[in-house]
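Text of the file entry.cif, holding mmCIF, C-alpha atoms:
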```cif
data_final
loop_
_atom_site.group_PDB
_atom_site.id
_atom_site.type_symbol
_atom_site.label_atom_id
_atom_site.label_comp_id
_atom_site.auth_asym_id
_atom_site.auth_seq_id
_atom_site.Cartn_x
_atom_site.Cartn_y
_atom_site.Cartn_z
ATOM 1 C CA MET A 21 0.000 0.000 0.000
ATOM 2 C CA ALA A 22 2.864 2.358 0.847
ATOM 3 C CA ASN A 23 4.467 1.799 -2.565
ATOM 4 C CA PHE A 24 1.104 2.422 -4.260
ATOM 5 C CA LYS A 25 0.667 5.736 -2.434
ATOM 6 C CA LYS A 26 4.214 6.757 -3.351
ATOM 7 C CA SER A 27 3.601 5.895 -7.013
ATOM 8 C CA SER A 28 0.346 7.891 -7.009
ATOM 9 C CA THR A 29 2.150 10.907 -5.535
ATOM 10 C CA VAL A 30 4.878 10.740 -8.181
ATOM 11 C CA LEU A 31 2.266 10.363 -10.944
ATOM 12 C CA SER A 32 0.312 13.385 -9.692
ATOM 13 C CA SER A 33 3.492 15.464 -9.510
ATOM 14 C CA LEU A 34 4.554 14.537 -13.045
ATOM 15 C CA VAL A 35 1.116 15.270 -14.485
ATOM 16 C CA ALA A 36 1.002 18.634 -12.713
ATOM 17 C CA LEU A 37 4.521 19.476 -13.904
ATOM 18 C CA GLY A 38 3.715 18.526 -17.486
ATOM 19 C CA PHE A 39 0.519 20.638 -17.387
ATOM 20 C CA ALA A 40 2.357 23.618 -15.953
ATOM 21 C CA VAL A 41 5.071 23.402 -18.619
ATOM 22 C CA SER A 42 2.444 23.251 -21.354
ATOM 23 C CA LEU A 43 1.251 26.682 -20.224
ATOM 24 C CA LEU A 44 4.695 28.298 -20.286
ATOM 25 C CA PRO A 45 5.258 31.041 -22.893
ATOM 26 C CA ALA A 46 6.176 29.517 -26.231
ATOM 27 C CA GLY A 47 8.479 32.330 -27.278
ATOM 28 C CA ALA A 48 7.460 33.283 -30.777
ATOM 29 C CA ALA A 49 5.295 30.176 -30.934
ATOM 30 C CA ASN A 50 1.674 29.321 -30.617
ATOM 31 C CA ALA A 51 -1.449 30.973 -29.264
ATOM 32 C CA ALA A 52 -3.390 29.219 -26.539
ATOM 33 C CA SER A 53 -6.936 27.958 -26.828
ATOM 34 C CA ILE A 54 -9.920 27.001 -24.681
ATOM 35 C CA SER A 55 -12.192 24.074 -25.503
ATOM 36 C CA VAL A 56 -15.774 24.008 -24.236
ATOM 37 C CA THR A 57 -18.343 21.267 -24.700
ATOM 38 C CA ALA A 58 -21.645 22.255 -26.290
ATOM 39 C CA THR A 59 -24.855 20.241 -26.037
ATOM 40 C CA ASN A 60 -27.029 20.644 -29.126
ATOM 41 C CA ARG A 61 -30.662 19.558 -29.233
ATOM 42 C CA ASP A 62 -32.181 19.198 -32.692
ATOM 43 C CA PHE A 63 -35.874 19.981 -33.265
ATOM 44 C CA SER A 64 -38.242 19.573 -36.161
ATOM 45 C CA SER A 65 -39.300 22.750 -37.950
ATOM 46 C CA SER A 66 -42.870 21.793 -37.032
ATOM 47 C CA HIS A 67 -42.254 22.604 -33.350
ATOM 48 C CA ALA A 68 -44.552 25.470 -32.365
ATOM 49 C CA ASP A 69 -41.667 27.735 -31.260
ATOM 50 C CA PHE A 70 -39.639 27.281 -34.478
ATOM 51 C CA GLU A 71 -40.280 29.073 -37.791
ATOM 52 C CA ALA A 72 -43.176 30.904 -36.151
ATOM 53 C CA PHE A 73 -41.826 34.295 -35.074
ATOM 54 C CA ILE A 74 -39.516 37.081 -36.204
ATOM 55 C CA THR A 75 -39.212 39.497 -33.296
ATOM 56 C CA THR A 76 -36.854 40.309 -30.463
ATOM 57 C CA GLU A 77 -38.225 39.983 -26.953
ATOM 58 C CA THR A 78 -36.781 40.567 -23.506
ATOM 59 C CA GLY A 79 -38.175 38.949 -20.399
ATOM 60 C CA ILE A 80 -38.770 35.489 -21.867
ATOM 61 C CA VAL A 81 -36.826 33.987 -18.969
ATOM 62 C CA THR A 82 -36.425 35.007 -15.333
ATOM 63 C CA THR A 83 -33.207 36.608 -14.125
ATOM 64 C CA SER A 84 -32.030 33.496 -12.246
ATOM 65 C CA LEU A 85 -31.511 29.905 -13.349
ATOM 66 C CA GLY A 86 -33.739 27.238 -11.860
ATOM 67 C CA LEU A 87 -32.564 24.664 -9.351
ATOM 68 C CA ASP A 88 -31.951 22.317 -12.288
ATOM 69 C CA GLY A 89 -29.528 24.791 -13.857
ATOM 70 C CA LYS A 90 -31.904 25.614 -16.732
ATOM 71 C CA PRO A 91 -33.546 28.907 -17.770
ATOM 72 C CA VAL A 92 -36.943 29.449 -16.159
ATOM 73 C CA TYR A 93 -39.817 30.580 -18.362
ATOM 74 C CA ASN A 94 -41.101 33.906 -17.076
ATOM 75 C CA VAL A 95 -44.673 32.886 -16.310
ATOM 76 C CA ALA A 96 -45.304 36.048 -14.294
ATOM 77 C CA ALA A 97 -44.547 38.235 -17.310
ATOM 78 C CA LYS A 98 -45.467 35.966 -20.222
ATOM 79 C CA GLY A 99 -48.235 33.721 -18.912
ATOM 80 C CA LEU A 100 -48.426 30.005 -19.572
ATOM 81 C CA THR A 101 -49.390 30.235 -23.233
ATOM 82 C CA SER A 102 -50.366 33.384 -25.066
ATOM 83 C CA LEU A 103 -48.724 36.554 -23.707
ATOM 84 C CA SER A 104 -45.300 36.117 -25.323
ATOM 85 C CA SER A 105 -44.687 37.578 -28.777
ATOM 86 C CA ALA A 106 -41.869 35.095 -29.551
ATOM 87 C CA THR A 107 -42.797 31.840 -27.782
ATOM 88 C CA THR A 108 -45.872 29.672 -27.264
ATOM 89 C CA GLY A 109 -45.701 29.166 -23.525
ATOM 90 C CA GLN A 110 -43.984 27.393 -20.680
ATOM 91 C CA ALA A 111 -44.548 23.768 -21.700
ATOM 92 C CA ASN A 112 -43.002 24.165 -25.156
ATOM 93 C CA PHE A 113 -40.166 26.351 -23.863
ATOM 94 C CA ASN A 114 -39.218 23.743 -21.266
ATOM 95 C CA GLN A 115 -38.359 21.393 -24.130
ATOM 96 C CA TRP A 116 -35.629 23.667 -25.493
ATOM 97 C CA TYR A 117 -32.893 22.664 -23.034
ATOM 98 C CA ASN A 118 -34.163 19.338 -21.751
ATOM 99 C CA ASP A 119 -33.957 15.955 -23.474
ATOM 100 C CA THR A 120 -37.517 15.239 -24.603
ATOM 101 C CA PRO A 121 -38.233 11.968 -26.459
ATOM 102 C CA SER A 122 -39.831 12.443 -29.901
ATOM 103 C CA ILE A 123 -39.468 16.228 -29.554
ATOM 104 C CA ASN A 124 -35.700 16.670 -29.729
ATOM 105 C CA GLN A 125 -32.499 14.675 -30.259
ATOM 106 C CA THR A 126 -29.271 15.436 -28.419
ATOM 107 C CA PHE A 127 -25.689 15.686 -29.678
ATOM 108 C CA THR A 128 -22.439 17.122 -28.311
ATOM 109 C CA THR A 129 -19.561 18.960 -29.941
ATOM 110 C CA SER A 130 -16.474 20.915 -28.886
ATOM 111 C CA LEU A 131 -16.019 24.620 -29.576
ATOM 112 C CA ILE A 132 -12.456 25.962 -29.627
ATOM 113 C CA ALA A 133 -11.870 29.590 -28.601
ATOM 114 C CA SER A 134 -8.385 30.794 -29.520
ATOM 115 C CA GLU A 135 -6.157 33.768 -28.779
ATOM 116 C CA ALA A 136 -5.892 36.005 -31.830
ATOM 117 C CA VAL A 137 -2.747 37.469 -30.250
ATOM 118 C CA PRO A 138 -0.568 34.967 -28.358
ATOM 119 C CA GLY A 139 -0.309 35.851 -24.686
ATOM 120 C CA SER A 140 -3.116 38.425 -24.813
ATOM 121 C CA GLY A 141 -5.490 36.393 -22.656
ATOM 122 C CA ILE A 142 -8.362 37.320 -25.006
ATOM 123 C CA PHE A 143 -10.087 34.237 -26.431
ATOM 124 C CA SER A 144 -12.550 34.242 -29.306
ATOM 125 C CA TYR A 145 -14.809 31.724 -30.978
ATOM 126 C CA VAL A 146 -16.275 33.178 -34.175
ATOM 127 C CA ASN A 147 -18.703 31.238 -36.349
ATOM 128 C CA THR A 148 -20.981 33.133 -38.732
ATOM 129 C CA SER A 149 -22.218 29.858 -40.221
ATOM 130 C CA TYR A 150 -23.017 27.871 -37.098
ATOM 131 C CA PHE A 151 -24.760 24.619 -38.026
ATOM 132 C CA PRO A 152 -23.544 21.919 -35.600
ATOM 133 C CA VAL A 153 -26.302 19.386 -36.361
ATOM 134 C CA ASN A 154 -26.300 19.355 -40.162
ATOM 135 C CA GLY A 155 -27.702 16.033 -41.356
ATOM 136 C CA LEU A 156 -28.351 14.873 -37.792
ATOM 137 C CA GLY A 157 -31.477 14.326 -35.738
ATOM 138 C CA PHE A 158 -34.526 15.302 -37.746
ATOM 139 C CA GLY A 159 -32.238 16.171 -40.657
ATOM 140 C CA ASN A 160 -32.127 19.323 -42.765
ATOM 141 C CA GLU A 161 -35.821 18.989 -43.669
ATOM 142 C CA GLY A 162 -35.357 20.127 -47.259
ATOM 143 C CA ASN A 163 -32.940 22.950 -46.395
ATOM 144 C CA LEU A 164 -29.255 23.133 -47.246
ATOM 145 C CA THR A 165 -28.515 23.227 -43.505
ATOM 146 C CA ASN A 166 -30.246 22.235 -40.261
ATOM 147 C CA PHE A 167 -31.649 25.449 -38.781
ATOM 148 C CA HIS A 168 -33.721 24.172 -35.869
ATOM 149 C CA PHE A 169 -31.698 23.482 -32.720
ATOM 150 C CA THR A 170 -30.608 24.811 -29.364
ATOM 151 C CA THR A 171 -27.161 25.032 -27.760
ATOM 152 C CA GLU A 172 -26.268 24.706 -24.080
ATOM 153 C CA ILE A 173 -22.772 25.282 -22.651
ATOM 154 C CA ASN A 174 -21.982 24.780 -18.968
ATOM 155 C CA THR A 175 -18.542 25.758 -17.707
ATOM 156 C CA GLU A 176 -16.743 27.381 -14.767
ATOM 157 C CA PHE A 177 -14.173 30.090 -14.132
ATOM 158 C CA THR A 178 -12.301 31.761 -11.289
ATOM 159 C CA TYR A 179 -13.043 35.477 -11.025
ATOM 160 C CA MET A 180 -9.722 37.333 -11.024
ATOM 161 C CA SER A 181 -11.101 40.889 -11.688
ATOM 162 C CA SER A 182 -11.329 42.895 -14.917
ATOM 163 C CA GLU A 183 -12.788 39.999 -16.959
ATOM 164 C CA THR A 184 -15.259 40.654 -19.752
ATOM 165 C CA PHE A 185 -17.545 38.487 -21.872
ATOM 166 C CA SER A 186 -19.352 39.431 -25.082
ATOM 167 C CA PHE A 187 -21.599 37.384 -27.338
ATOM 168 C CA THR A 188 -22.881 37.954 -30.863
ATOM 169 C CA GLY A 189 -25.489 35.630 -32.240
ATOM 170 C CA ASP A 190 -28.943 34.625 -33.311
ATOM 171 C CA ASP A 191 -31.516 33.765 -32.451
ATOM 172 C CA ASP A 192 -32.178 33.725 -28.661
ATOM 173 C CA VAL A 193 -29.082 33.936 -26.432
ATOM 174 C CA TRP A 194 -28.920 34.030 -22.653
ATOM 175 C CA VAL A 195 -25.666 34.056 -20.670
ATOM 176 C CA PHE A 196 -25.805 33.369 -16.939
ATOM 177 C CA ILE A 197 -22.942 33.961 -14.516
ATOM 178 C CA ASN A 198 -23.242 32.366 -11.085
ATOM 179 C CA GLY A 199 -26.831 31.537 -12.002
ATOM 180 C CA GLU A 200 -27.734 35.184 -12.682
ATOM 181 C CA LEU A 201 -28.686 36.626 -16.066
ATOM 182 C CA ALA A 202 -25.783 38.654 -17.458
ATOM 183 C CA ILE A 203 -26.649 38.883 -21.187
ATOM 184 C CA HIS A 204 -30.125 38.530 -22.687
ATOM 185 C CA LEU A 205 -30.762 38.543 -26.443
ATOM 186 C CA GLY A 206 -34.178 36.937 -26.617
ATOM 187 C CA GLY A 207 -36.402 36.361 -29.610
ATOM 188 C CA VAL A 208 -35.918 35.540 -33.296
ATOM 189 C CA HIS A 209 -33.578 38.050 -34.917
ATOM 190 C CA GLY A 210 -30.389 38.565 -36.909
ATOM 191 C CA PRO A 211 -26.997 38.712 -35.174
ATOM 192 C CA ILE A 212 -26.936 41.132 -32.256
ATOM 193 C CA THR A 213 -24.365 41.628 -29.498
ATOM 194 C CA GLY A 214 -24.529 41.724 -25.728
ATOM 195 C CA ALA A 215 -21.636 42.166 -23.301
ATOM 196 C CA VAL A 216 -20.867 42.187 -19.600
ATOM 197 C CA SER A 217 -17.916 43.530 -17.621
ATOM 198 C CA LEU A 218 -17.672 41.482 -14.456
ATOM 199 C CA ASP A 219 -16.142 44.365 -12.489
ATOM 200 C CA THR A 220 -19.261 46.481 -13.022
ATOM 201 C CA ALA A 221 -21.657 43.803 -11.811
ATOM 202 C CA PRO A 222 -20.077 41.739 -9.007
ATOM 203 C CA ALA A 223 -22.827 42.508 -6.511
ATOM 204 C CA ALA A 224 -25.620 41.716 -8.987
ATOM 205 C CA LEU A 225 -23.904 38.479 -9.963
ATOM 206 C CA GLY A 226 -22.941 37.572 -6.390
ATOM 207 C CA ILE A 227 -19.252 37.103 -7.224
ATOM 208 C CA THR A 228 -16.076 38.009 -5.328
ATOM 209 C CA THR A 229 -12.447 37.972 -6.437
ATOM 210 C CA GLY A 230 -10.882 34.538 -6.140
ATOM 211 C CA GLY A 231 -14.174 32.658 -6.172
ATOM 212 C CA THR A 232 -15.077 29.977 -8.716
ATOM 213 C CA TYR A 233 -18.421 30.344 -10.480
ATOM 214 C CA ASP A 234 -20.560 28.833 -13.236
ATOM 215 C CA LEU A 235 -20.870 30.405 -16.665
ATOM 216 C CA ASP A 236 -23.765 29.016 -18.703
ATOM 217 C CA ILE A 237 -24.755 29.866 -22.273
ATOM 218 C CA PHE A 238 -28.161 29.022 -23.770
ATOM 219 C CA GLN A 239 -28.886 29.675 -27.444
ATOM 220 C CA ALA A 240 -31.669 28.786 -29.863
ATOM 221 C CA GLU A 241 -31.627 28.803 -33.673
ATOM 222 C CA ARG A 242 -35.295 28.999 -34.612
ATOM 223 C CA HIS A 243 -35.534 30.495 -38.089
ATOM 224 C CA LYS A 244 -33.762 29.693 -41.346
ATOM 225 C CA ASP A 245 -31.629 32.032 -43.455
ATOM 226 C CA GLY A 246 -28.675 32.419 -41.082
ATOM 227 C CA SER A 247 -27.020 31.246 -37.876
ATOM 228 C CA SER A 248 -24.253 32.999 -35.932
ATOM 229 C CA PHE A 249 -22.582 31.979 -32.689
ATOM 230 C CA SER A 250 -19.549 33.989 -31.532
ATOM 231 C CA PHE A 251 -18.064 35.042 -28.223
ATOM 232 C CA THR A 252 -14.978 36.915 -27.027
ATOM 233 C CA THR A 253 -13.786 36.783 -23.440
ATOM 234 C CA SER A 254 -10.887 37.350 -21.076
ATOM 235 C CA ILE A 255 -12.441 34.851 -18.653
ATOM 236 C CA VAL A 256 -10.309 31.746 -18.210
ATOM 237 C CA LEU A 257 -12.848 28.940 -18.422
ATOM 238 C CA VAL A 258 -12.472 25.645 -16.594
ATOM 239 C CA ASP A 259 -11.156 24.044 -19.821
ATOM 240 C CA ALA A 260 -7.859 25.857 -19.277
ATOM 241 C CA PRO A 261 -5.907 27.474 -22.159
ATOM 242 C CA THR A 262 -3.276 25.195 -23.587
ATOM 243 C CA ALA A 263 -0.456 25.807 -26.052
ATOM 244 C CA VAL A 264 0.913 23.284 -28.516
ATOM 245 C CA PRO A 265 3.909 21.734 -26.683
ATOM 246 C CA GLU A 266 7.360 22.608 -27.972
ATOM 247 C CA PRO A 267 10.022 19.873 -28.304
ATOM 248 C CA GLY A 268 11.367 20.592 -24.813
ATOM 249 C CA THR A 269 7.900 20.146 -23.355
ATOM 250 C CA LEU A 270 7.420 16.854 -25.173
ATOM 251 C CA LEU A 271 10.826 15.670 -23.954
ATOM 252 C CA LEU A 272 9.941 16.455 -20.357
ATOM 253 C CA LEU A 273 6.613 14.669 -20.664
ATOM 254 C CA GLY A 274 8.465 11.708 -22.183
ATOM 255 C CA PHE A 275 10.758 11.579 -19.141
ATOM 256 C CA GLY A 276 7.662 11.743 -16.948
ATOM 257 C CA LEU A 277 6.051 8.790 -18.695
ATOM 258 C CA SER A 278 9.317 6.840 -18.449
ATOM 259 C CA GLY A 279 9.389 7.544 -14.731
ATOM 260 C CA ILE A 280 5.841 6.288 -14.369
ATOM 261 C CA GLY A 281 6.798 3.089 -16.180
ATOM 262 C CA PHE A 282 9.830 2.652 -13.889
ATOM 263 C CA MET A 283 7.672 3.039 -10.778
ATOM 264 C CA ARG A 284 5.223 0.435 -12.101
ATOM 265 C CA ARG A 285 8.030 -2.047 -12.856
ATOM 266 C CA ARG A 286 9.510 -1.468 -9.427
ATOM 267 C CA LYS A 287 6.147 -2.082 -7.758
ATOM 268 C CA ALA A 288 5.647 -5.274 -9.784
ATOM 269 C CA ALA A 289 9.073 -6.490 -8.749
#
```
Could you render the structure as structure tokens?
Amino acid sequence: MANFKKSSTVLSSLVALGFAVSLLPAGAANAASISVTATNRDFSSSHADFEAFITTETGIVTTSLGLDGKPVYNVAAKGLTSLSSATTGQANFNQWYNDTPSINQTFTTSLIASEAVPGSGIFSYVNTSYFPVNGLGFGNEGNLTNFHFTTEINTEFTYMSSETFSFTGDDDVWVFINGELAIHLGGVHGPITGAVSLDTAPAALGITTGGTYDLDIFQAERHKDGSSFSFTTSIVLVDAPTAVPEPGTLLLLGFGLSGIGFMRRRKAA
């Protein structure tokens, strides 16, 4: 047992060292990147909330996420069915970001946000032709691309001060920080932009320097003719920025793996 604990400690140290080296400046080398996992739910164009409206609308959701981590339909403002100008009520809205048999089909993909300027700490994902479920789920339904889907991204970050986050997209987009609504671009519309500076809203968001918080993005593409999904941020998301390892980094990691193999052989002996 003692040898096993020692091996685990050495393994943890080598992994941590290799990770730290991978984040060292690469001289004139490569920009870093952040990878986030997106959950896409594909819908049929026959869904009552899709291909039915062309209008922006604020107040579709409440200003706080629900206990399940999902947007909450604003029943107080919109009613259960008929008071919204861009949705058809709570029941249909609740299907947008929840797996619902026969109503939607779920897929995942990775989005890579990269530094335009190496070392700047500003990461951008820009996609003016965002169609992550082409040919999947209910299919393109006679269109060149699949226009009817939602996107959900759940990630975390540590608030260091001075961070910003901006989003440009269509159709509906809601960004929540620490469960509180930070950007709201509701309704069916062309690309529009919303932004938040965390230093101007720490009290409203309930965040303090050094704390780790959720950042959640919810988007819906509900009308054909275009689909944009872009964000720029100085927030370091939980999928930490990584640079392509240089030869020295690879050599060090190789030594680390050799050391792990040596420890295993020694334990077996």
Between A:Gly157, A:Pro222, A:Gly231, A:Gly189, which residue has the minimum interatomic distance to Tyr145 of chain A, considering only C-alpha atoms? A:Gly189
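We find atom CA of Phe73 of chain A and atom CA of Val208 of chain A to be spaced 6.3 Å apart.
Picked by the PyMOL selection byres ((chain A and resi 94-109) around 6) from the coordinates shown: Asp69, Phe73, Ile80, Val81, Thr82, Tyr93, Gln110, Ala111, Asn112 and Gly207 of chain A.
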Can those selected residues be exported to a file as a JSON list (two decimals), keeping the file's coordinate frame so that it contains C-alpha atoms?
```json
[["chain", "number", "residue", "atom", "x", "y", "z"],
["A", 69, "ASP", "CA", -41.67, 27.74, -31.26],
["A", 73, "PHE", "CA", -41.83, 34.30, -35.07],
["A", 80, "ILE", "CA", -38.77, 35.49, -21.87],
["A", 81, "VAL", "CA", -36.83, 33.99, -18.97],
["A", 82, "THR", "CA", -36.42, 35.01, -15.33],
["A", 93, "TYR", "CA", -39.82, 30.58, -18.36],
["A", 110, "GLN", "CA", -43.98, 27.39, -20.68],
["A", 111, "ALA", "CA", -44.55, 23.77, -21.70],
["A", 112, "ASN", "CA", -43.00, 24.16, -25.16],
["A", 207, "GLY", "CA", -36.40, 36.36, -29.61]]
```
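Each of A:Thr232, A:Thr213, A:Thr220, A:Asn124 was checked against Phe158 of chain A using only C-alpha atoms; the smallest atom-to-atom distance is that of A:Asn124.
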Contact residues around segment 250-259 of chain A with all atoms listed in the file at 7 Å, ignoring same-chain residues under 3 positions, as an mmCIF file with C-alpha atoms, in the coordinates of the input:
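The resulting part_4.cif:
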```cif
data_model
loop_
_atom_site.group_PDB
_atom_site.id
_atom_site.type_symbol
_atom_site.label_atom_id
_atom_site.label_comp_id
_atom_site.auth_asym_id
_atom_site.auth_seq_id
_atom_site.Cartn_x
_atom_site.Cartn_y
_atom_site.Cartn_z
ATOM 1 C CA ILE A 54 -9.920 27.001 -24.681
ATOM 2 C CA SER A 55 -12.192 24.074 -25.503
ATOM 3 C CA VAL A 56 -15.774 24.008 -24.236
ATOM 4 C CA GLY A 141 -5.490 36.393 -22.656
ATOM 5 C CA ILE A 142 -8.362 37.320 -25.006
ATOM 6 C CA PHE A 143 -10.087 34.237 -26.431
ATOM 7 C CA SER A 144 -12.550 34.242 -29.306
ATOM 8 C CA TYR A 145 -14.809 31.724 -30.978
ATOM 9 C CA VAL A 146 -16.275 33.178 -34.175
ATOM 10 C CA ASN A 147 -18.703 31.238 -36.349
ATOM 11 C CA THR A 175 -18.542 25.758 -17.707
ATOM 12 C CA GLU A 176 -16.743 27.381 -14.767
ATOM 13 C CA PHE A 177 -14.173 30.090 -14.132
ATOM 14 C CA GLU A 183 -12.788 39.999 -16.959
ATOM 15 C CA THR A 184 -15.259 40.654 -19.752
ATOM 16 C CA PHE A 185 -17.545 38.487 -21.872
ATOM 17 C CA SER A 186 -19.352 39.431 -25.082
ATOM 18 C CA PHE A 187 -21.599 37.384 -27.338
ATOM 19 C CA THR A 188 -22.881 37.954 -30.863
ATOM 20 C CA GLY A 189 -25.489 35.630 -32.240
#
```
Axis-aligned box for all listed atoms of segment 88-95 of chain A, 6 Å per side, centre and edges in Å to one decimal, as lines of an AutoDock Vina configuration file:
```
center_x = -37.1
center_y = 28.1
center_z = -15.3
size_x = 27.1
size_y = 23.6
size_z = 18.1
```
Hits of the PyMOL selection byres ((chain A and resi 199) around 9) in this structure, as a list in words: Thr83, Ser84, Leu85, Gly86, Gly89, Phe196, Ile197, Asn198, Glu200, Leu201, Leu225, Tyr233, Asp234, Leu235 and Asp236 of chain A
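As for atom CA of Pro121 of chain A and atom CA of Ser64 of chain A, they are spaced 12.3 Å apart.
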